[in-house]
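Structure data follow from work17.cif (mmCIF, C-alpha atoms and all ligand atoms):
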```
data_start
loop_
_atom_site.label_atom_id
_atom_site.label_comp_id
_atom_site.auth_asym_id
_atom_site.auth_seq_id
_atom_site.Cartn_x
_atom_site.Cartn_y
_atom_site.Cartn_z
CA MET B 1 136.39 12.05 -21.24
CA SER B 2 137.73 8.96 -19.58
CA ASP B 3 136.97 5.42 -20.72
CA TYR B 4 135.77 4.61 -17.24
CA SER B 5 132.77 5.56 -15.14
CA PRO B 6 132.92 8.67 -12.93
CA GLY B 7 134.16 7.89 -9.41
CA SER B 8 135.81 4.65 -10.47
CA ALA B 9 139.37 3.84 -9.46
CA ALA B 10 140.37 3.42 -13.10
CA SER B 11 139.15 6.95 -13.99
CA GLN B 12 141.78 8.27 -11.54
CA GLY B 13 144.55 6.03 -12.82
CA LEU B 14 144.22 3.66 -9.88
CA ALA B 15 143.94 -0.09 -10.24
CA GLY B 16 141.83 -1.94 -7.70
CA CYS B 17 143.54 -5.18 -6.73
CA HIS B 18 141.31 -8.18 -7.51
CA VAL B 19 142.82 -10.14 -4.61
CA CYS B 20 143.00 -7.68 -1.69
CA PHE B 21 140.82 -4.75 -2.96
CA LYS B 22 143.56 -2.16 -2.31
CA THR B 23 144.00 0.54 -4.93
CA SER B 24 147.42 1.39 -6.29
CA PRO B 25 148.75 3.40 -9.23
CA ALA B 26 148.26 1.26 -12.33
CA GLU B 27 151.91 1.77 -13.40
CA LEU B 28 153.09 -0.48 -10.56
CA HIS B 29 151.90 -3.63 -12.40
CA GLU B 30 152.08 -5.52 -9.11
CA CYS B 31 150.04 -4.96 -5.98
CA PRO B 32 152.35 -3.71 -3.19
CA ARG B 33 150.16 -5.32 -0.54
CA CYS B 34 149.55 -8.85 -1.85
CA GLY B 35 151.78 -9.23 -4.91
CA ALA B 36 148.94 -9.95 -7.37
CA ALA B 37 149.22 -8.60 -10.91
CA LEU B 38 147.55 -5.18 -11.25
CA HIS B 39 145.43 -4.20 -14.22
CA LEU B 40 142.91 -1.42 -14.62
CA ARG B 41 140.72 -4.18 -16.07
CA ALA B 42 141.40 -7.91 -16.21
CA HIS B 43 143.61 -8.68 -19.18
CA ASP B 44 141.75 -10.18 -22.17
CA SER B 45 138.72 -10.73 -19.96
CA LEU B 46 136.16 -10.73 -22.77
CA GLN B 47 138.12 -13.03 -25.08
CA ARG B 48 138.82 -15.53 -22.31
CA THR B 49 135.22 -15.48 -21.12
CA ILE B 50 133.73 -16.15 -24.55
CA SER B 51 136.25 -18.91 -25.35
CA LEU B 52 135.43 -20.65 -22.08
CA LEU B 53 131.69 -20.23 -22.70
CA ILE B 54 132.04 -21.81 -26.15
CA THR B 55 134.08 -24.67 -24.69
CA ALA B 56 131.44 -25.28 -22.01
CA THR B 57 128.65 -25.28 -24.61
CA ILE B 58 130.52 -27.83 -26.72
CA LEU B 59 131.17 -30.03 -23.66
CA TYR B 60 127.49 -29.88 -22.79
CA ILE B 61 126.71 -32.01 -25.88
CA PRO B 62 128.60 -35.18 -24.80
CA ALA B 63 127.40 -34.53 -21.26
CA ASN B 64 123.84 -35.07 -22.48
CA VAL B 65 124.35 -37.60 -25.26
CA LEU B 66 126.72 -40.02 -23.50
CA PRO B 67 125.54 -42.19 -20.60
CA ILE B 68 126.15 -40.65 -17.17
CA MET B 69 126.02 -44.11 -15.62
CA THR B 70 125.59 -47.76 -16.53
CA THR B 71 123.58 -50.18 -14.44
CA VAL B 72 124.83 -53.76 -14.67
CA GLN B 73 122.20 -56.22 -13.46
CA MET B 74 122.69 -59.99 -13.80
CA GLY B 75 124.94 -59.52 -16.80
CA ASN B 76 122.68 -56.99 -18.56
CA SER B 77 123.87 -53.46 -18.73
CA ILE B 78 121.62 -50.46 -19.15
CA ASP B 79 122.99 -46.99 -19.97
CA SER B 80 121.24 -43.90 -18.70
CA THR B 81 121.70 -40.29 -19.74
CA ILE B 82 121.02 -37.24 -17.57
CA LEU B 83 117.65 -36.50 -19.20
CA GLY B 84 116.80 -40.22 -19.34
CA GLY B 85 117.38 -40.38 -15.59
CA VAL B 86 115.08 -37.41 -15.00
CA ILE B 87 112.33 -38.98 -17.17
CA LEU B 88 112.69 -42.29 -15.32
CA LEU B 89 112.35 -40.53 -11.97
CA VAL B 90 109.20 -38.78 -13.19
CA HIS B 91 107.75 -42.17 -14.28
CA HIS B 92 108.45 -43.55 -10.83
CA GLY B 93 106.68 -40.60 -9.31
CA SER B 94 109.72 -39.17 -7.49
CA TYR B 95 108.98 -35.62 -8.54
CA PRO B 96 111.09 -33.76 -5.94
CA ILE B 97 114.27 -35.65 -6.87
CA ALA B 98 113.49 -35.38 -10.57
CA ALA B 99 113.13 -31.64 -10.01
CA VAL B 100 116.45 -31.38 -8.12
CA ILE B 101 118.34 -33.27 -10.85
CA PHE B 102 116.58 -31.32 -13.59
CA ILE B 103 117.35 -27.98 -11.95
CA ALA B 104 120.97 -28.86 -11.11
CA SER B 105 121.86 -30.63 -14.35
CA VAL B 106 119.79 -28.88 -16.99
CA LEU B 107 118.28 -25.61 -15.80
CA VAL B 108 121.28 -24.21 -13.89
CA PRO B 109 124.03 -25.00 -16.42
CA VAL B 110 121.94 -23.88 -19.41
CA SER B 111 120.76 -20.65 -17.79
CA LYS B 112 124.27 -19.99 -16.54
CA LEU B 113 125.61 -20.31 -20.08
CA VAL B 114 122.82 -18.10 -21.46
CA CYS B 115 123.21 -15.44 -18.73
CA MET B 116 127.01 -15.30 -18.98
CA THR B 117 126.80 -15.06 -22.76
CA TRP B 118 124.27 -12.25 -22.45
CA LEU B 119 126.46 -10.39 -19.93
CA TRP B 120 129.45 -10.84 -22.23
CA TRP B 121 127.35 -9.56 -25.15
CA SER B 122 126.14 -6.55 -23.15
CA VAL B 123 129.73 -5.50 -22.44
CA GLU B 124 130.93 -6.30 -25.95
CA LYS B 125 128.13 -4.11 -27.39
CA GLY B 126 128.70 -1.43 -24.76
CA HIS B 127 125.24 -1.41 -23.14
CA LYS B 128 124.78 1.71 -21.06
CA THR B 129 121.75 0.71 -19.00
CA SER B 130 120.48 -1.66 -16.29
CA HIS B 131 123.78 -1.76 -14.43
CA ARG B 132 122.37 -2.86 -11.12
CA GLU B 133 120.28 -5.61 -12.74
CA ARG B 134 123.30 -6.91 -14.63
CA ALA B 135 125.39 -6.81 -11.45
CA ARG B 136 122.75 -8.82 -9.65
CA LEU B 137 122.51 -11.31 -12.53
CA TYR B 138 126.30 -11.74 -12.50
CA ARG B 139 126.30 -12.38 -8.75
CA VAL B 140 123.50 -14.96 -8.95
CA THR B 141 125.17 -16.67 -11.91
CA GLU B 142 128.47 -16.83 -10.08
CA PHE B 143 126.81 -18.18 -6.95
CA ILE B 144 124.71 -20.98 -8.47
CA GLY B 145 127.36 -22.37 -10.82
CA ARG B 146 128.91 -24.92 -8.50
CA TRP B 147 125.53 -26.41 -7.50
CA SER B 148 125.42 -28.21 -10.85
CA MET B 149 128.03 -30.62 -9.57
CA VAL B 150 125.25 -32.43 -7.65
CA ASP B 151 124.67 -35.01 -10.37
CA VAL B 152 128.35 -35.96 -10.54
CA PHE B 153 128.34 -36.56 -6.78
CA VAL B 154 125.14 -38.62 -7.04
CA VAL B 155 126.79 -40.88 -9.61
CA MET B 156 129.87 -41.23 -7.41
CA ILE B 157 127.75 -42.23 -4.38
CA LEU B 158 125.61 -44.71 -6.35
CA VAL B 159 128.76 -46.30 -7.79
CA ALA B 160 130.36 -46.57 -4.35
CA LEU B 161 127.28 -47.82 -2.54
CA ILE B 162 125.71 -50.22 -5.00
CA GLN B 163 128.31 -52.96 -5.20
CA MET B 164 126.26 -56.14 -5.00
CA GLY B 165 128.86 -58.41 -6.53
CA GLY B 166 127.59 -59.87 -9.82
CA LEU B 167 123.96 -59.09 -8.99
CA LEU B 168 123.87 -55.35 -9.31
CA GLN B 169 126.53 -52.83 -10.00
CA ILE B 170 126.65 -49.23 -11.16
CA LEU B 171 129.47 -47.81 -13.26
CA PRO B 172 130.13 -44.14 -14.02
CA GLY B 173 129.75 -43.08 -17.65
CA ASN B 174 131.76 -40.61 -19.69
CA ALA B 175 129.02 -38.00 -19.45
CA ALA B 176 129.97 -37.59 -15.80
CA ILE B 177 133.43 -36.35 -16.83
CA ALA B 178 132.01 -34.16 -19.59
CA PHE B 179 129.46 -32.74 -17.19
CA ALA B 180 132.05 -32.02 -14.50
CA GLY B 181 133.97 -30.30 -17.31
CA VAL B 182 130.95 -28.11 -18.13
CA VAL B 183 130.66 -27.02 -14.50
CA ILE B 184 134.39 -26.32 -14.14
CA VAL B 185 134.68 -24.43 -17.44
CA THR B 186 131.60 -22.26 -16.74
CA MET B 187 133.00 -21.47 -13.28
CA LEU B 188 136.26 -20.43 -14.95
CA ALA B 189 134.27 -18.30 -17.42
CA ALA B 190 132.51 -16.49 -14.56
CA GLU B 191 135.88 -15.97 -12.89
CA SER B 192 137.57 -14.58 -15.99
CA PHE B 193 134.70 -12.16 -16.62
CA ASP B 194 135.64 -8.81 -15.10
CA PRO B 195 132.36 -7.38 -13.71
CA ARG B 196 133.90 -3.90 -13.60
CA LEU B 197 133.61 -3.81 -17.40
CA MET B 198 129.82 -3.65 -17.04
CA TRP B 199 130.09 -0.28 -15.26
CA ASP B 200 132.57 1.49 -17.49
CA LYS B 201 129.88 3.00 -19.71
CA LEU B 202 127.88 4.38 -16.77
CA GLY B 203 127.03 8.05 -17.13
CA LYS B 204 127.83 7.99 -20.87
CA GLU B 205 124.21 7.90 -22.04
CA ASP B 206 124.23 11.47 -23.35
CA GLU B 207 127.62 11.48 -24.95
CA GLU B 208 126.69 9.75 -28.17
CA ARG B 209 123.86 10.97 -30.31
CA MET Q 210 130.77 -17.90 -4.63
CA ALA Q 211 131.28 -18.99 -1.09
CA GLU Q 212 131.52 -15.29 -0.45
CA GLY Q 213 127.98 -15.01 -1.74
CA LEU Q 214 126.99 -17.61 0.82
CA ALA Q 215 128.96 -15.80 3.51
CA GLY Q 216 127.12 -12.66 2.48
CA SER Q 217 123.79 -14.30 3.13
CA VAL Q 218 124.98 -15.68 6.47
CA GLU Q 219 125.97 -12.17 7.53
CA GLU Q 220 122.81 -10.67 6.10
CA SER Q 221 121.63 -9.95 9.62
CA LEU Q 222 124.50 -7.54 10.32
CA PRO Q 223 123.56 -3.86 10.32
CA LYS Q 224 124.27 -2.42 6.93
CA ARG Q 225 126.37 0.65 6.33
CA VAL Q 226 126.63 2.16 2.93
CA ALA Q 227 130.27 2.86 2.11
CA GLU Q 228 131.01 6.38 0.96
CA PRO Q 229 132.46 7.07 -2.45
CA VAL Q 230 135.66 9.12 -2.10
CA HIS Q 231 138.12 10.63 -4.50
CA GLY Q 232 141.50 8.88 -4.34
CA GLY Q 233 140.09 6.23 -1.98
CA ARG Q 234 142.15 3.39 -0.63
CA VAL Q 235 139.72 0.65 -1.65
CA ALA Q 236 137.89 0.03 -4.90
CA CYS Q 237 134.68 -1.96 -5.16
CA HIS Q 238 135.52 -5.43 -6.39
CA GLU Q 239 132.60 -5.49 -8.82
CA CYS Q 240 132.10 -1.94 -10.10
CA ASP Q 241 135.45 -0.27 -9.35
CA LEU Q 242 133.92 2.66 -7.42
CA LEU Q 243 136.46 4.22 -5.06
CA LEU Q 244 135.23 3.81 -1.53
CA SER Q 245 135.99 4.59 2.05
CA VAL Q 246 135.06 1.84 4.49
CA GLY Q 247 137.14 3.15 7.35
CA GLY Q 248 135.69 2.98 10.83
CA LEU Q 249 133.65 -0.15 10.27
CA SER Q 250 133.19 -1.73 13.66
CA GLU Q 251 132.62 -5.37 14.54
CA GLY Q 252 129.18 -6.57 13.63
CA GLU Q 253 128.75 -4.17 10.73
CA ARG Q 254 128.98 -4.63 7.00
CA ALA Q 255 129.78 -2.12 4.30
CA VAL Q 256 127.91 -2.19 1.02
CA CYS Q 257 128.89 -0.48 -2.23
CA PRO Q 258 126.41 2.38 -2.84
CA ARG Q 259 126.55 1.86 -6.59
CA CYS Q 260 126.29 -1.90 -7.20
CA GLY Q 261 125.35 -3.34 -3.80
CA PHE Q 262 128.44 -5.55 -3.46
CA VAL Q 263 129.29 -6.39 0.16
CA VAL Q 264 132.77 -4.89 0.38
CA SER Q 265 133.40 -5.88 3.97
CA SER Q 266 131.42 -7.65 6.66
CA ARG Q 267 132.90 -7.94 10.10
CA SER Q 268 131.48 -10.55 12.41
CA ARG Q 269 131.92 -10.14 16.15
CA ASN Q 270 135.21 -11.70 17.25
CA GLY Q 271 135.67 -12.81 13.66
CA LEU Q 272 139.23 -14.12 14.07
CA GLN Q 273 138.42 -16.17 17.17
CA ARG Q 274 135.27 -17.52 15.56
CA ALA Q 275 137.14 -18.44 12.39
CA MET Q 276 139.76 -20.25 14.46
CA ALA Q 277 137.22 -22.16 16.57
CA PHE Q 278 135.11 -23.21 13.58
CA ALA Q 279 138.18 -24.23 11.56
CA VAL Q 280 139.42 -26.48 14.37
CA ALA Q 281 135.94 -28.00 14.82
CA ALA Q 282 135.72 -28.49 11.05
CA ALA Q 283 139.04 -30.34 11.04
CA VAL Q 284 137.83 -32.73 13.75
CA PHE Q 285 134.55 -33.41 11.90
CA LEU Q 286 136.39 -33.96 8.63
CA LEU Q 287 138.63 -36.52 10.31
CA LEU Q 288 135.59 -38.32 11.74
CA ALA Q 289 133.90 -38.21 8.35
CA ASN Q 290 136.76 -40.24 6.93
CA ILE Q 291 137.02 -43.04 9.45
CA PHE Q 292 133.44 -44.23 9.99
CA PRO Q 293 130.94 -45.71 7.52
CA PHE Q 294 129.26 -43.00 5.46
CA LEU Q 295 126.26 -44.94 4.17
CA SER Q 296 125.35 -48.58 4.13
CA LEU Q 297 122.80 -50.50 2.16
CA GLU Q 298 120.77 -53.61 2.86
CA THR Q 299 118.61 -55.46 0.40
CA LYS Q 300 117.53 -59.10 0.15
CA GLY Q 301 120.13 -60.12 2.70
CA LEU Q 302 122.93 -58.40 0.78
CA GLU Q 303 124.89 -55.68 2.47
CA SER Q 304 127.19 -53.03 1.17
CA GLU Q 305 128.92 -50.25 3.02
CA MET Q 306 130.82 -47.18 1.87
CA THR Q 307 133.32 -44.92 3.54
CA LEU Q 308 134.54 -41.74 1.89
CA PRO Q 309 138.19 -42.75 1.35
CA LYS Q 310 137.25 -46.25 0.22
CA SER Q 311 134.74 -45.04 -2.35
CA ILE Q 312 137.34 -42.75 -3.90
CA ILE Q 313 140.03 -45.47 -3.88
CA ASP Q 314 137.53 -47.88 -5.50
CA LEU Q 315 136.91 -45.39 -8.28
CA TYR Q 316 140.67 -45.14 -8.89
CA GLU Q 317 141.08 -48.89 -8.89
CA SER Q 318 138.20 -49.39 -11.31
CA GLY Q 319 139.96 -47.06 -13.74
CA TYR Q 320 137.82 -43.95 -13.22
CA SER Q 321 140.72 -41.81 -12.13
CA THR Q 322 139.42 -38.48 -13.55
CA ILE Q 323 136.16 -38.67 -11.59
CA ALA Q 324 138.03 -39.93 -8.53
CA THR Q 325 140.50 -37.02 -8.65
CA LEU Q 326 137.75 -34.42 -9.08
CA VAL Q 327 135.66 -35.81 -6.23
CA LEU Q 328 138.72 -36.11 -3.98
CA ALA Q 329 139.69 -32.50 -4.71
CA PHE Q 330 136.22 -30.93 -4.42
CA ILE Q 331 134.95 -32.67 -1.30
CA LEU Q 332 138.09 -33.48 0.72
CA LEU Q 333 141.39 -31.90 -0.35
CA ILE Q 334 140.30 -28.35 -1.16
CA PRO Q 335 137.94 -28.00 1.84
CA ALA Q 336 140.70 -29.36 4.13
CA LEU Q 337 143.26 -27.00 2.61
CA VAL Q 338 140.90 -24.04 3.01
CA MET Q 339 140.41 -24.88 6.70
CA GLY Q 340 144.19 -25.17 7.13
CA LEU Q 341 144.69 -21.77 5.50
CA VAL Q 342 141.96 -20.17 7.65
CA THR Q 343 143.77 -21.45 10.76
CA ALA Q 344 147.17 -20.36 9.45
CA LEU Q 345 145.74 -16.84 8.99
CA ALA Q 346 143.40 -16.46 11.95
CA VAL Q 347 145.83 -17.62 14.67
CA PRO Q 348 148.70 -15.18 13.97
CA LEU Q 349 146.27 -12.35 13.15
CA ALA Q 350 144.38 -12.86 16.42
CA LEU Q 351 147.69 -12.84 18.31
CA GLY Q 352 148.89 -9.82 16.37
CA LYS Q 353 152.02 -11.64 15.13
CA ASN Q 354 153.52 -11.20 11.70
CA ARG Q 355 154.33 -14.49 9.99
CA PRO Q 356 155.98 -15.03 6.60
CA TRP Q 357 153.15 -17.28 5.40
CA LEU Q 358 150.36 -14.74 5.97
CA GLN Q 359 150.46 -13.15 2.54
CA PRO Q 360 150.70 -16.35 0.45
CA SER Q 361 148.08 -18.04 2.65
CA ALA Q 362 145.56 -15.25 2.13
CA ARG Q 363 146.12 -15.24 -1.63
CA PHE Q 364 145.78 -19.01 -1.85
CA LEU Q 365 142.71 -19.05 0.42
CA TYR Q 366 140.64 -16.71 -1.71
CA MET Q 367 141.71 -18.52 -4.86
CA LEU Q 368 140.75 -21.98 -3.56
CA ASN Q 369 137.59 -21.08 -1.72
CA THR Q 370 135.44 -21.06 -4.87
CA TRP Q 371 136.38 -24.66 -5.59
CA SER Q 372 135.29 -26.19 -2.34
CA MET Q 373 132.03 -28.08 -2.84
CA ALA Q 374 131.27 -29.55 0.58
CA GLU Q 375 127.69 -28.26 0.72
CA VAL Q 376 127.00 -29.36 -2.86
CA PHE Q 377 128.16 -32.85 -1.91
CA ILE Q 378 125.68 -32.95 0.98
CA ILE Q 379 122.83 -32.23 -1.46
CA GLY Q 380 124.22 -34.98 -3.72
CA VAL Q 381 124.09 -37.43 -0.81
CA ILE Q 382 120.49 -36.51 -0.01
CA VAL Q 383 119.45 -36.98 -3.65
CA SER Q 384 121.19 -40.39 -3.74
CA LEU Q 385 119.47 -41.40 -0.51
CA VAL Q 386 116.06 -40.79 -2.02
CA LYS Q 387 117.05 -42.52 -5.28
CA ILE Q 388 118.27 -45.68 -3.55
CA GLY Q 389 115.67 -45.50 -0.80
CA GLN Q 390 113.08 -46.81 -3.26
CA MET Q 391 114.82 -50.14 -3.77
CA ALA Q 392 116.70 -50.81 -0.57
CA THR Q 393 117.10 -49.77 3.03
CA VAL Q 394 119.85 -47.21 3.42
CA ILE Q 395 121.47 -46.71 6.79
CA ILE Q 396 123.03 -43.31 7.38
CA GLY Q 397 126.41 -43.70 9.05
CA ILE Q 398 128.25 -41.57 11.61
CA SER Q 399 130.44 -40.13 8.87
CA PHE Q 400 127.47 -38.62 7.09
CA TRP Q 401 126.56 -36.59 10.17
CA ALA Q 402 130.21 -35.71 10.70
CA TYR Q 403 130.49 -34.45 7.13
CA ALA Q 404 127.26 -32.44 7.50
CA ALA Q 405 128.68 -30.85 10.69
CA PHE Q 406 131.92 -30.22 8.83
CA THR Q 407 130.01 -28.35 6.11
CA ILE Q 408 128.34 -26.08 8.68
CA CYS Q 409 131.62 -25.34 10.50
CA PHE Q 410 133.40 -24.79 7.19
CA THR Q 411 130.86 -22.20 6.05
CA ALA Q 412 130.92 -20.48 9.44
CA ALA Q 413 134.75 -20.37 9.51
CA VAL Q 414 135.04 -18.89 6.02
CA SER Q 415 132.30 -16.32 6.58
CA SER Q 416 133.89 -15.18 9.88
CA LEU Q 417 137.02 -14.03 8.09
CA ASP Q 418 136.52 -10.70 6.40
CA ARG Q 419 138.66 -10.47 3.29
CA LEU Q 420 139.32 -6.74 3.58
CA GLU Q 421 140.06 -6.96 7.30
CA VAL Q 422 142.47 -9.87 6.77
CA TRP Q 423 144.43 -7.88 4.20
CA ASP Q 424 144.37 -4.68 6.27
CA GLU Q 425 145.76 -6.61 9.24
CA ILE Q 426 148.45 -8.33 7.16
CA GLU Q 427 149.52 -4.95 5.81
CA ARG Q 428 149.57 -3.42 9.29
CA LEU Q 429 151.62 -6.28 10.77
CA SER Q 430 154.17 -6.44 7.96
CA SER Q 431 154.93 -2.72 7.88
ZN ZN C 501 146.51 -6.77 -3.74
ZN ZN C 502 130.35 -1.55 -6.42
#
```
Let me see the structure of the file written as structure tokens.
Amino acid sequence: MSDYSPGSAASQGLAGCHVCFKTSPAELHECPRCGAALHLRAHDSLQRTISLLITATILYIPANVLPIMTTVQMGNSIDSTILGGVILLVHHGSYPIAAVIFIASVLVPVSKLVCMTWLWWSVEKGHKTSHRERARLYRVTEFIGRWSMVDVFVVMILVALIQMGGLLQILPGNAAIAFAGVVIVTMLAAESFDPRLMWDKLGKEDEER
Amino acid sequence: MAEGLAGSVEESLPKRVAEPVHGGRVACHECDLLLSVGGLSEGERAVCPRCGFVVSSRSRNGLQRAMAFAVAAAVFLLLANIFPFLSLETKGLESEMTLPKSIIDLYESGYSTIATLVLAFILLIPALVMGLVTALAVPLALGKNRPWLQPSARFLYMLNTWSMAEVFIIGVIVSLVKIGQMATVIIGISFWAYAAFTICFTAAVSSLDRLEVWDEIERLSS
């Protein structure tokens, strides 16, 4: 019995190109149509994904602890963190914006990390069920990832716009870099995860007792 | 990810479920099922019967549309860089930002990492993607083989994920509300130009069907 699901390209010795979708015999090692490297499954996909997920999780700590921006007003400087900013917005009654920042900077990156880790775990443990649900989860996770960059752009605009000489100035903090790092690394993790791995165990429910 | 967006833009196209075939020419990108999507006509999309991935979605006159939107996007992006983006007025003090100046200021204040990331995500990569769409759509629409077709297509689908034009627009709106509480913010011409750029960008990318582009490149180069 093959290691791959019935009907899959890999079960017939064909590798689907990840760049142009064409299938070619896996022995070619290089796609004849676009020149991309051919593998039945992305090389070291699981190891790369989990290393990137761990890196992103570690980066998420400075992203929350360090100030994302510093407000300098008449010589006094006040640091604000991502969560501090959200709390301040709630105090001022700007709930919609507080919600946008909270969703983009906390909810999306955290749930993306949790979902990707769960998908990784499901493949690592060889789950044989809920293929369609996992496929949908992967697609949503991949789609929403970049939206977390909102907060970094907000900082950049505030810094550029609020330049009132010595009266009021806003400076970007190191959390902005760490946070951009979280977004980039999780996007790389989603990219290095080969979704085809989720389907390889399809139709194998009865094989093992 | 932009493909996900493109997928939702093309959601209205009639759906055809691709047929699984033994020894097929195309494998589903997400579940590796061998498929046949032959005979897909303009205005139809093919969906993987197993995982639901949109394997191909052909807009009407896709190449011409991609070309037109890419050219329009280039014009809007140029406009977005020469006029004021936002300006601020409070207690008689004024401050104005343009996109290039705000990035240069970040560099000059020593925040070169942030400046580089912003420059890449909102200007360089989107501009490059539009250039690549044009470089592909024009020869393909004319039916001419060009040596840059293959590398352009590879580069396009690699870069596309990293363009964050629409995310930037949301960032601007959030900033507007944040600052709006303490000062009057005037929205400049460049803001509208960049918003129009985002729309044209999305339309241009979603008009190019990845599978069709590669099928055409293969046909022209053989
Ligand atoms: Zn290929
Ligand atoms: Zn599929």
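For the atom pair formed by CA of Val342 (chain Q) and CA of Thr322 (chain Q), the distance is 28.1 Å, given to one decimal.
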>> Could you tell me how far CA of Phe153 (chain B) sits from CA of Ala392 (chain Q), in Å to one decimal place?
In response: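 Computing it gives 19.4 Å between the two atoms.
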> For chain Q, which residue among B:Trp121, B:Tyr4, B:Phe193, B:Phe21 is the nearest when counting only C-alpha atoms?
Replying inline: B:Phe21
Enumerate as a PDB file with C-alpha atoms, in the frame of the given file the residues belonging to chain B that approach chain Q to within 7 Å, with all atoms listed in the file taken into account.
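Wrote part.pdb, looks like this:
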```pdb
ATOM      1  CA  GLY B   7     134.160   7.890  -9.410  1.00  0.00           C
ATOM      2  CA  SER B   8     135.810   4.650 -10.470  1.00  0.00           C
ATOM      3  CA  ALA B   9     139.370   3.840  -9.460  1.00  0.00           C
ATOM      4  CA  GLY B  16     141.830  -1.940  -7.700  1.00  0.00           C
ATOM      5  CA  HIS B  18     141.310  -8.180  -7.510  1.00  0.00           C
ATOM      6  CA  VAL B  19     142.820 -10.140  -4.610  1.00  0.00           C
ATOM      7  CA  CYS B  20     143.000  -7.680  -1.690  1.00  0.00           C
ATOM      8  CA  PHE B  21     140.820  -4.750  -2.960  1.00  0.00           C
ATOM      9  CA  LYS B  22     143.560  -2.160  -2.310  1.00  0.00           C
ATOM     10  CA  THR B  23     144.000   0.540  -4.930  1.00  0.00           C
ATOM     11  CA  ARG B  33     150.160  -5.320  -0.540  1.00  0.00           C
ATOM     12  CA  CYS B  34     149.550  -8.850  -1.850  1.00  0.00           C
ATOM     13  CA  ILE B  97     114.270 -35.650  -6.870  1.00  0.00           C
ATOM     14  CA  ARG B 132     122.370  -2.860 -11.120  1.00  0.00           C
ATOM     15  CA  ALA B 135     125.390  -6.810 -11.450  1.00  0.00           C
ATOM     16  CA  GLU B 142     128.470 -16.830 -10.080  1.00  0.00           C
ATOM     17  CA  PHE B 143     126.810 -18.180  -6.950  1.00  0.00           C
ATOM     18  CA  TRP B 147     125.530 -26.410  -7.500  1.00  0.00           C
ATOM     19  CA  MET B 149     128.030 -30.620  -9.570  1.00  0.00           C
ATOM     20  CA  VAL B 150     125.250 -32.430  -7.650  1.00  0.00           C
ATOM     21  CA  ASP B 151     124.670 -35.010 -10.370  1.00  0.00           C
ATOM     22  CA  PHE B 153     128.340 -36.560  -6.780  1.00  0.00           C
ATOM     23  CA  VAL B 154     125.140 -38.620  -7.040  1.00  0.00           C
ATOM     24  CA  ILE B 157     127.750 -42.230  -4.380  1.00  0.00           C
ATOM     25  CA  LEU B 158     125.610 -44.710  -6.350  1.00  0.00           C
ATOM     26  CA  ALA B 160     130.360 -46.570  -4.350  1.00  0.00           C
ATOM     27  CA  LEU B 161     127.280 -47.820  -2.540  1.00  0.00           C
ATOM     28  CA  ILE B 162     125.710 -50.220  -5.000  1.00  0.00           C
ATOM     29  CA  GLN B 163     128.310 -52.960  -5.200  1.00  0.00           C
ATOM     30  CA  MET B 164     126.260 -56.140  -5.000  1.00  0.00           C
ATOM     31  CA  ILE B 177     133.430 -36.350 -16.830  1.00  0.00           C
ATOM     32  CA  PRO B 195     132.360  -7.380 -13.710  1.00  0.00           C
ATOM     33  CA  ARG B 196     133.900  -3.900 -13.600  1.00  0.00           C
ATOM     34  CA  TRP B 199     130.090  -0.280 -15.260  1.00  0.00           C
TER      35      TRP B 199
END
```
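Of the residues under consideration (Q:Arg355, Q:Met339, Q:Leu328, Q:Ala404), Q:Arg355 shows the shortest atom-to-atom contact distance to Ser431 (chain Q) when counting all atoms listed in the file.
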>> Under the rule that only C-alpha atoms and all ligand atoms are counted, which of B:Ser24, B:Ser45, B:Ser111, B:Ser11 is the nearest residue to ligand ZN 501 (chain C)?
In response: B:Ser24
> Which of these residues is nearest to Val155 (chain B), using only C-alpha atoms: B:Ile170, B:Ala37, B:Leu188, B:Ile103?
Replying inline: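 Ranked by minimum distance to Val155 (chain B), first place goes to B:Ile170.
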> Which one is closest to ligand ZN 502 (chain C): Q:Lys224, Q:Gly248, Q:Val263, Q:Ala402? Count only C-alpha atoms and all ligand atoms.
Replying inline: Q:Val263
>> Rounded to one decimal, what separation in Å do you get between CA of Ile395 (chain Q) and CA of Gln169 (chain B)?
In response: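 Going from CA of Ile395 (chain Q) over to CA of Gln169 (chain B) covers 18.6 Å.
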>> I'd like to know which of Q:Gly247, Q:Gly301, Q:Pro258, Q:Gly271 is closest to ligand ZN 502 (chain C), using only C-alpha atoms and all ligand atoms.
In response: Q:Pro258
Emit as JSON the padded axis-aligned box for all listed atoms of region 47-58 of chain B, 6 Å per side, with centre and edge lengths in Å to one decimal.
```
{"center_x": 133.7, "center_y": -20.4, "center_z": -23.9, "size_x": 22.2, "size_y": 26.8, "size_z": 17.6}
```
> Which polymer residues, protein or nucleic acid, are no farther than 7 Å from (127.8, -8.9, 14.7), counting only C-alpha atoms, as number ranges by chain?
Replying inline: Q: 222, 251-253, 267-269
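Every residue within 9 Å of the file position (120.3, -45.6, -18.2), judged by all atoms listed in the file, is given as Pro67, Ile68, Met69, Thr70, Thr71, Ser77, Ile78, Asp79, Ser80, Thr81, Ile82, Gly84, Gly85 and Leu88 of chain B.
By all atoms listed in the file, and with residues fewer than 4 positions from Phe406 (chain Q) along its chain excluded, the set lying at most 9 Å from it is Ala281, Ala282, Ala283, Val284, Phe285, Leu286, Ala289, Ala374, Trp401, Ala402, Phe410 and Thr411 of chain Q.
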